[in-house]
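data-v7.pdb (PDB, C-alpha atoms) appears below.
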ATOM      1  CA  MET E 286     -19.603 -12.766 -19.736
ATOM      2  CA  SER E 287     -19.292 -16.529 -20.278
ATOM      3  CA  TYR E 288     -16.111 -18.285 -21.381
ATOM      4  CA  GLU E 289     -15.456 -21.635 -23.017
ATOM      5  CA  ASN E 290     -11.951 -22.209 -21.683
ATOM      6  CA  LEU E 291     -11.953 -20.217 -18.428
ATOM      7  CA  ARG E 292     -13.853 -19.860 -15.185
ATOM      8  CA  LEU E 293     -13.932 -16.504 -13.427
ATOM      9  CA  ASP E 294     -15.115 -16.076  -9.840
ATOM     10  CA  VAL E 295     -14.971 -12.854  -7.848
ATOM     11  CA  SER E 296     -15.521 -12.679  -4.100
ATOM     12  CA  GLU E 297     -14.707  -9.898  -1.640
ATOM     13  CA  GLY E 298     -12.413  -8.137  -4.064
ATOM     14  CA  VAL E 299     -10.445 -11.257  -5.034
ATOM     15  CA  ALA E 300     -10.850 -12.675  -8.543
ATOM     16  CA  THR E 301      -9.950 -16.303  -9.276
ATOM     17  CA  LEU E 302      -9.320 -17.050 -12.943
ATOM     18  CA  THR E 303      -9.138 -20.769 -13.705
ATOM     19  CA  LEU E 304      -7.830 -22.160 -16.983
ATOM     20  CA  ASP E 305     -10.358 -24.899 -17.752
ATOM     21  CA  ARG E 306      -9.349 -27.206 -20.610
ATOM     22  CA  PRO E 307      -8.749 -30.377 -18.573
ATOM     23  CA  LYS E 308      -8.656 -32.752 -21.563
ATOM     24  CA  ALA E 309      -5.778 -30.684 -22.978
ATOM     25  CA  LEU E 310      -4.189 -30.152 -19.538
ATOM     26  CA  ASN E 311      -5.258 -26.498 -19.831
ATOM     27  CA  ALA E 312      -2.973 -25.916 -22.834
ATOM     28  CA  LEU E 313      -2.990 -22.419 -24.292
ATOM     29  CA  ASN E 314      -4.521 -22.012 -27.736
ATOM     30  CA  SER E 315      -5.541 -18.845 -29.573
ATOM     31  CA  ALA E 316      -9.089 -18.959 -28.243
ATOM     32  CA  THR E 317      -7.849 -19.224 -24.653
ATOM     33  CA  PHE E 318      -5.503 -16.274 -25.115
ATOM     34  CA  HIS E 319      -8.379 -14.147 -26.421
ATOM     35  CA  GLU E 320     -10.547 -15.189 -23.462
ATOM     36  CA  LEU E 321      -7.750 -14.360 -21.002
ATOM     37  CA  GLU E 322      -7.453 -10.938 -22.598
ATOM     38  CA  ALA E 323     -11.199 -10.351 -22.372
ATOM     39  CA  ALA E 324     -11.388 -11.539 -18.756
ATOM     40  CA  LEU E 325      -8.460  -9.437 -17.608
ATOM     41  CA  THR E 326      -9.774  -6.259 -19.220
ATOM     42  CA  SER E 327     -13.319  -6.644 -17.870
ATOM     43  CA  LEU E 328     -12.763  -7.408 -14.185
ATOM     44  CA  PRO E 329     -15.126  -5.623 -11.773
ATOM     45  CA  ASP E 330     -13.913  -2.225 -10.600
ATOM     46  CA  ASP E 331     -13.621  -3.404  -7.014
ATOM     47  CA  THR E 332     -11.198  -6.241  -7.845
ATOM     48  CA  ARG E 333      -8.111  -5.855  -5.645
ATOM     49  CA  ALA E 334      -6.170  -9.051  -6.460
ATOM     50  CA  LEU E 335      -6.258 -11.846  -9.038
ATOM     51  CA  ILE E 336      -5.395 -15.532  -8.582
ATOM     52  CA  LEU E 337      -4.583 -17.517 -11.723
ATOM     53  CA  THR E 338      -4.748 -21.310 -11.589
ATOM     54  CA  GLY E 339      -5.573 -24.404 -13.631
ATOM     55  CA  ALA E 340      -8.502 -26.803 -13.434
ATOM     56  CA  GLY E 341      -7.844 -30.297 -12.125
ATOM     57  CA  GLU E 342      -4.933 -31.723 -10.162
ATOM     58  CA  LYS E 343      -2.511 -32.493 -13.004
ATOM     59  CA  ALA E 344      -1.726 -29.150 -14.548
ATOM     60  CA  PHE E 345      -1.631 -25.416 -14.088
ATOM     61  CA  VAL E 346      -0.986 -25.097 -17.819
ATOM     62  CA  ALA E 347       0.899 -27.880 -19.611
ATOM     63  CA  GLY E 348       2.076 -25.556 -22.394
ATOM     64  CA  ALA E 349       0.892 -24.079 -25.651
ATOM     65  CA  ASP E 350      -1.470 -26.222 -27.713
ATOM     66  CA  ILE E 351       0.813 -28.259 -29.998
ATOM     67  CA  ALA E 352      -2.171 -29.573 -31.967
ATOM     68  CA  GLU E 353      -2.905 -25.994 -33.009
ATOM     69  CA  MET E 354       0.728 -25.062 -33.720
ATOM     70  CA  ALA E 355       1.825 -28.178 -35.613
ATOM     71  CA  ASP E 356       0.916 -26.846 -39.074
ATOM     72  CA  TYR E 357       1.930 -23.218 -38.488
ATOM     73  CA  GLY E 358       4.388 -21.583 -40.831
ATOM     74  CA  SER E 359       6.736 -18.735 -39.951
ATOM     75  CA  GLU E 360       4.187 -15.925 -40.163
ATOM     76  CA  GLN E 361       1.570 -17.846 -38.205
ATOM     77  CA  GLY E 362       4.165 -18.679 -35.559
ATOM     78  CA  ARG E 363       5.167 -15.040 -35.242
ATOM     79  CA  ALA E 364       1.508 -13.977 -34.950
ATOM     80  CA  PHE E 365       0.861 -16.595 -32.248
ATOM     81  CA  SER E 366       3.904 -15.353 -30.339
ATOM     82  CA  ALA E 367       2.660 -11.764 -30.647
ATOM     83  CA  LEU E 368      -0.766 -12.748 -29.314
ATOM     84  CA  GLY E 369       0.713 -14.595 -26.353
ATOM     85  CA  GLN E 370       3.156 -11.804 -25.554
ATOM     86  CA  ARG E 371       0.349  -9.232 -25.679
ATOM     87  CA  VAL E 372      -1.680 -11.180 -23.131
ATOM     88  CA  MET E 373       1.346 -11.777 -20.892
ATOM     89  CA  ALA E 374       2.117  -8.053 -20.985
ATOM     90  CA  LEU E 375      -1.448  -7.299 -19.865
ATOM     91  CA  PHE E 376      -0.885  -9.290 -16.675
ATOM     92  CA  GLU E 377       2.318  -7.367 -15.956
ATOM     93  CA  ALA E 378       0.775  -3.987 -16.767
ATOM     94  CA  SER E 379      -2.422  -4.555 -14.798
ATOM     95  CA  HIS E 380      -2.770  -2.367 -11.707
ATOM     96  CA  ILE E 381      -4.095  -5.451  -9.908
ATOM     97  CA  PRO E 382      -1.541  -7.754  -8.226
ATOM     98  CA  THR E 383      -1.588 -11.222  -9.777
ATOM     99  CA  ILE E 384      -0.839 -14.516  -8.054
ATOM    100  CA  ALA E 385      -0.064 -17.743  -9.910
ATOM    101  CA  ALA E 386      -1.235 -20.856  -8.053
ATOM    102  CA  VAL E 387       0.823 -23.479  -9.881
ATOM    103  CA  ASN E 388      -0.877 -26.810  -9.346
ATOM    104  CA  GLY E 389       0.931 -29.555 -11.279
ATOM    105  CA  PHE E 390       2.608 -28.973 -14.624
ATOM    106  CA  ALA E 391       3.629 -25.442 -15.622
ATOM    107  CA  LEU E 392       5.493 -26.136 -18.821
ATOM    108  CA  GLY E 393       6.281 -23.959 -21.811
ATOM    109  CA  GLY E 394       3.537 -21.383 -22.119
ATOM    110  CA  GLY E 395       2.316 -22.373 -18.670
ATOM    111  CA  LEU E 396       5.565 -21.331 -17.019
ATOM    112  CA  GLU E 397       5.629 -18.211 -19.178
ATOM    113  CA  LEU E 398       2.142 -17.333 -17.933
ATOM    114  CA  ALA E 399       3.192 -17.856 -14.317
ATOM    115  CA  LEU E 400       6.313 -15.729 -14.828
ATOM    116  CA  CYS E 401       4.266 -12.692 -15.814
ATOM    117  CA  CYS E 402       2.395 -12.832 -12.488
ATOM    118  CA  ASP E 403       3.613 -10.868  -9.469
ATOM    119  CA  LEU E 404       3.782 -13.824  -7.067
ATOM    120  CA  ILE E 405       4.150 -17.548  -7.806
ATOM    121  CA  TYR E 406       3.218 -20.269  -5.320
ATOM    122  CA  ALA E 407       3.541 -23.951  -6.230
ATOM    123  CA  SER E 408       1.998 -27.188  -5.011
ATOM    124  CA  GLU E 409       4.295 -29.980  -3.872
ATOM    125  CA  ASN E 410       3.590 -31.917  -7.075
ATOM    126  CA  ALA E 411       4.403 -28.997  -9.391
ATOM    127  CA  GLN E 412       6.891 -29.333 -12.229
ATOM    128  CA  LEU E 413       8.088 -26.287 -14.125
ATOM    129  CA  GLY E 414      10.121 -25.927 -17.288
ATOM    130  CA  LEU E 415      10.537 -24.624 -20.810
ATOM    131  CA  PRO E 416      10.743 -27.717 -23.046
ATOM    132  CA  GLU E 417      10.357 -25.935 -26.391
ATOM    133  CA  VAL E 418      13.806 -26.757 -27.817
ATOM    134  CA  GLY E 419      12.793 -30.414 -27.757
ATOM    135  CA  LEU E 420      10.098 -29.479 -30.283
ATOM    136  CA  GLY E 421      12.487 -27.558 -32.505
ATOM    137  CA  VAL E 422      11.396 -24.085 -31.372
ATOM    138  CA  ILE E 423      12.088 -21.718 -28.461
ATOM    139  CA  PRO E 424       9.819 -20.130 -25.832
ATOM    140  CA  GLY E 425       7.751 -17.513 -27.649
ATOM    141  CA  PHE E 426       5.688 -15.773 -24.985
ATOM    142  CA  GLY E 427       8.519 -13.991 -23.163
ATOM    143  CA  GLY E 428       9.971 -17.015 -21.403
ATOM    144  CA  THR E 429      13.583 -16.506 -22.459
ATOM    145  CA  GLN E 430      13.488 -12.984 -21.038
ATOM    146  CA  ARG E 431      11.393 -13.361 -17.874
ATOM    147  CA  LEU E 432      13.095 -16.581 -16.790
ATOM    148  CA  THR E 433      16.485 -14.861 -17.072
ATOM    149  CA  ARG E 434      15.243 -12.035 -14.865
ATOM    150  CA  ALA E 435      13.794 -14.498 -12.352
ATOM    151  CA  VAL E 436      16.676 -16.948 -11.880
ATOM    152  CA  GLY E 437      19.713 -15.348 -13.541
ATOM    153  CA  ALA E 438      21.289 -15.803 -16.939
ATOM    154  CA  GLN E 439      23.263 -19.031 -16.413
ATOM    155  CA  ARG E 440      20.440 -20.950 -14.765
ATOM    156  CA  ALA E 441      17.956 -19.727 -17.382
ATOM    157  CA  ARG E 442      20.255 -20.838 -20.208
ATOM    158  CA  GLU E 443      20.681 -24.263 -18.601
ATOM    159  CA  LEU E 444      16.925 -24.738 -18.241
ATOM    160  CA  VAL E 445      16.153 -23.573 -21.785
ATOM    161  CA  PHE E 446      19.024 -25.438 -23.480
ATOM    162  CA  THR E 447      18.335 -28.759 -21.711
ATOM    163  CA  ALA E 448      14.528 -28.479 -21.552
ATOM    164  CA  ARG E 449      14.855 -29.801 -17.995
ATOM    165  CA  ARG E 450      11.828 -29.851 -15.709
ATOM    166  CA  VAL E 451      12.278 -28.449 -12.231
ATOM    167  CA  LYS E 452      10.364 -29.900  -9.300
ATOM    168  CA  ALA E 453       8.735 -27.618  -6.761
ATOM    169  CA  GLU E 454      11.431 -27.608  -4.074
ATOM    170  CA  GLU E 455      14.210 -26.890  -6.573
ATOM    171  CA  ALA E 456      12.054 -24.178  -8.127
ATOM    172  CA  LYS E 457      11.879 -22.524  -4.712
ATOM    173  CA  ALA E 458      15.619 -22.948  -4.154
ATOM    174  CA  ILE E 459      16.494 -21.134  -7.386
ATOM    175  CA  GLY E 460      13.951 -18.358  -6.842
ATOM    176  CA  LEU E 461      11.494 -19.455  -9.501
ATOM    177  CA  VAL E 462       8.616 -19.794  -7.019
ATOM    178  CA  LEU E 463       8.066 -18.074  -3.710
ATOM    179  CA  ASP E 464       6.822 -20.981  -1.588
ATOM    180  CA  VAL E 465       5.785 -24.633  -1.917
ATOM    181  CA  VAL E 466       2.429 -25.603  -0.409
ATOM    182  CA  PRO E 467       0.633 -28.969  -0.068
ATOM    183  CA  ALA E 468      -1.593 -29.465  -3.109
ATOM    184  CA  GLY E 469      -4.808 -29.458  -1.107
ATOM    185  CA  GLU E 470      -3.886 -26.165   0.563
ATOM    186  CA  LEU E 471      -2.517 -24.213  -2.419
ATOM    187  CA  LEU E 472      -5.616 -22.293  -3.432
ATOM    188  CA  ALA E 473      -6.522 -21.464   0.173
ATOM    189  CA  HIS E 474      -2.981 -20.203   0.740
ATOM    190  CA  CYS E 475      -3.149 -17.977  -2.329
ATOM    191  CA  ARG E 476      -6.552 -16.654  -1.294
ATOM    192  CA  LYS E 477      -5.182 -15.731   2.115
ATOM    193  CA  VAL E 478      -2.379 -13.764   0.469
ATOM    194  CA  ALA E 479      -4.841 -12.135  -1.947
ATOM    195  CA  GLN E 480      -7.169 -11.152   0.896
ATOM    196  CA  SER E 481      -4.275  -9.479   2.706
ATOM    197  CA  ILE E 482      -3.547  -7.482  -0.442
ATOM    198  CA  ALA E 483      -7.230  -6.624  -0.833
ATOM    199  CA  LYS E 484      -7.286  -4.926   2.580
ATOM    200  CA  ALA E 485      -4.564  -2.439   1.626
ATOM    201  CA  GLY E 486      -4.996   0.872  -0.163
ATOM    202  CA  PRO E 487      -5.722   0.017  -3.813
ATOM    203  CA  LEU E 488      -3.929   3.049  -5.207
ATOM    204  CA  ALA E 489      -0.882   2.321  -3.060
ATOM    205  CA  ILE E 490      -0.798  -1.306  -4.219
ATOM    206  CA  SER E 491      -1.169  -0.228  -7.842
ATOM    207  CA  GLN E 492       1.661   2.293  -7.553
ATOM    208  CA  ALA E 493       3.904  -0.136  -5.672
ATOM    209  CA  LYS E 494       3.471  -2.701  -8.450
ATOM    210  CA  ARG E 495       4.169  -0.106 -11.135
ATOM    211  CA  VAL E 496       7.294   1.409  -9.606
ATOM    212  CA  MET E 497       8.796  -1.980  -8.719
ATOM    213  CA  ARG E 498       8.267  -3.242 -12.284
ATOM    214  CA  GLN E 499       9.584  -0.069 -13.902
ATOM    215  CA  GLY E 500      12.452   0.373 -11.477
ATOM    216  CA  ALA E 501      13.812  -3.126 -12.083
ATOM    217  CA  ASP E 502      14.989  -2.204 -15.578
ATOM    218  CA  VAL E 503      16.579   1.196 -14.956
ATOM    219  CA  GLU E 504      19.529   2.626 -13.035
ATOM    220  CA  LEU E 505      18.991   2.983  -9.263
ATOM    221  CA  THR E 506      18.932   6.789  -9.231
ATOM    222  CA  VAL E 507      16.219   6.799 -11.902
ATOM    223  CA  ALA E 508      14.313   4.081 -10.071
ATOM    224  CA  ASN E 509      14.367   6.063  -6.835
ATOM    225  CA  MET E 510      13.013   9.091  -8.680
ATOM    226  CA  ILE E 511      10.130   6.985 -10.015
ATOM    227  CA  GLU E 512       9.406   5.946  -6.428
ATOM    228  CA  GLN E 513       9.644   9.537  -5.162
ATOM    229  CA  GLN E 514       7.148  10.789  -7.726
ATOM    230  CA  ALA E 515       4.659   8.033  -6.939
ATOM    231  CA  PHE E 516       5.075   8.586  -3.191
ATOM    232  CA  GLY E 517       4.287  12.273  -3.570
ATOM    233  CA  ALA E 518       1.339  11.680  -5.882
ATOM    234  CA  LEU E 519      -0.304   9.339  -3.381
ATOM    235  CA  PHE E 520      -0.311  12.121  -0.775
ATOM    236  CA  GLY E 521      -2.907  13.900  -2.898
ATOM    237  CA  THR E 522      -5.373  10.985  -2.874
ATOM    238  CA  GLU E 523      -8.423  10.108  -0.816
ATOM    239  CA  ASP E 524      -6.812   6.727  -0.129
ATOM    240  CA  LYS E 525      -3.961   8.420   1.736
ATOM    241  CA  ARG E 526      -6.377  10.581   3.734
ATOM    242  CA  GLU E 527      -8.558   7.612   4.631
ATOM    243  CA  GLY E 528      -5.636   5.321   5.469
ATOM    244  CA  MET E 529      -3.920   7.763   7.814
ATOM    245  CA  GLN E 530      -7.156   8.972   9.406
ATOM    246  CA  ALA E 531      -8.182   5.370  10.071
ATOM    247  CA  PHE E 532      -4.807   4.722  11.706
ATOM    248  CA  LEU E 533      -5.193   7.745  13.978
ATOM    249  CA  GLU E 534      -8.758   6.742  14.844
ATOM    250  CA  LYS E 535      -7.702   3.124  15.475
ATOM    251  CA  ARG E 536     -10.197   1.634  12.986
ATOM    252  CA  PRO E 537      -9.902  -0.364   9.746
ATOM    253  CA  PRO E 538      -9.705   1.889   6.673
ATOM    254  CA  ALA E 539     -12.673   1.934   4.287
ATOM    255  CA  TYR E 540     -11.140   2.350   0.853
ATOM    256  CA  LYS E 541     -13.445   3.096  -2.069
ATOM    257  CA  ALA E 542     -13.762   0.713  -5.029
ATOM    258  CA  ARG E 543     -12.090   1.761  -8.291
TER     259      ARG E 543
END

Would you mind giving the structure from this file in structure tokens?
Amino acid sequence: MSYENLRLDVSEGVATLTLDRPKALNALNSATFHELEAALTSLPDDTRALILTGAGEKAFVAGADIAEMADYGSEQGRAFSALGQRVMALFEASHIPTIAAVNGFALGGGLELALCCDLIYASENAQLGLPEVGLGVIPGFGGTQRLTRAVGAQRARELVFTARRVKAEEAKAIGLVLDVVPAGELLAHCRKVAQSIAKAGPLAISQAKRVMRQGADVELTVANMIEQQAFGALFGTEDKREGMQAFLEKRPPAYKAR
């Protein structure tokens, strides 16, 4: 399938999805959201990890497309928020681990998109923030909620209320990104991480992602029960048999594509 605003490349189980609207600094419009949805729901069965990044050196995603939103009324704004939140939720719900390679600006919808990924790595020139209040609105794609969960309530309120941009090193210090990497090495670094994930048991990775996401929002006893059930279920899979047999035979496991 061809896309107007995206590029999708898949190699050795690792998909790289590149937002490609360089003249708009990869800003998110309705068409791009629909393409992201289509791309995410039609990945090859053997995809084990997904890297999300932006075309060019200036921006991961500079935000939502203000040119599209400027004439929206209340109902159109709500519908645009619903579309964006649906796509963000798809990234979180996907059984495939997702990695945001934040190269340059990740502002507004760009930061919201990164926040719904499982891992976030940033280039040294990255700047992250939610500047929406300066435009008379608030983050609408889950940013107020995911940022709070990522950096804590007080820091999230400060960043939203002031619309302040955070540079890469501060973003790492407050737990917003995992690591900061030289710009020229960012994609290679993310691919190395993705390839490590791709070597592991795909069902185990999928279940680990699910139970960690679900367990974060419930009481610890309930969360441990979710883990226990997933742990037991994996013992009835071919992945478990192959993984443990390969260990005993001192060879790399050969997991089947799904």

Can you write out as a tab-separated table which residues of region 429-489 of chain E fall within 8 Å of region 508-524 of chain E, alongside each residue's closest atom pair and its distance in Å to one decimal, counting only C-alpha atoms and ordering rows by chain and ascending residue number?
residue	atom	partner	partner_atom	distance
E:Gly486	CA	E:Asp524	CA	6.1
E:Pro487	CA	E:Asp524	CA	7.7
E:Leu488	CA	E:Asp524	CA	6.9
E:Ala489	CA	E:Leu519	CA	7.0

Applied to this file, what does the PyMOL selection byres ((chain E and resi 478) around 12) return in terms of residues, put as a list in words?
Val299, Arg333, Ala334, Leu335, Ile336, Pro382, Thr383, Ile384, Ala385, Ala386, Asp403, Leu404, Ile405, Tyr406, Asp464, Leu471, Leu472, Ala473, His474, Cys475, Arg476, Lys477, Ala479, Gln480, Ser481, Ile482, Ala483, Lys484 and Ala485 of chain E

Can you tell me which residues surround region 314-326 of chain E at a distance of at most 10 Å, considering all atoms listed in the file, apart from same-chain residues fewer than 5 positions away, and format the answer as an MDAnalysis selection string?
chainID E and resid 286:293 300 302:306 309 335 348:354 365 368:373 375:376 379 381 394

Centre and edge lengths, as JSON, for the axis-aligned box enclosing every listed atom of region 319-333 of chain E with 4 Å of padding on each of the six sides, in Å to one decimal?
{"center_x": -11.3, "center_y": -8.7, "center_z": -16.0, "size_x": 15.7, "size_y": 21.0, "size_z": 28.8}

Nearby residues (all atoms listed in the file) at most 12 Å from Arg449 (chain E), same-chain spacing under 4 positions excluded, as a count of residues only:
18

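The interatomic distance for the pair CA of Arg536 (chain E) and CA of Ser491 (chain E) works out to 22.8 Å.
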
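Atom pair CA of Asp356 (chain E) / CA of Lys343 (chain E) has a distance of 26.9 Å (rounded to one decimal).
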
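Atom pair CA of Ala448 (chain E) / CA of Ala501 (chain E) has a distance of 27.1 Å (rounded to one decimal).
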
Within 6 Å of Val465 (chain E) using only C-alpha atoms, minus same-chain residues under 2 positions, as a ChimeraX atom specification
/E:407-409
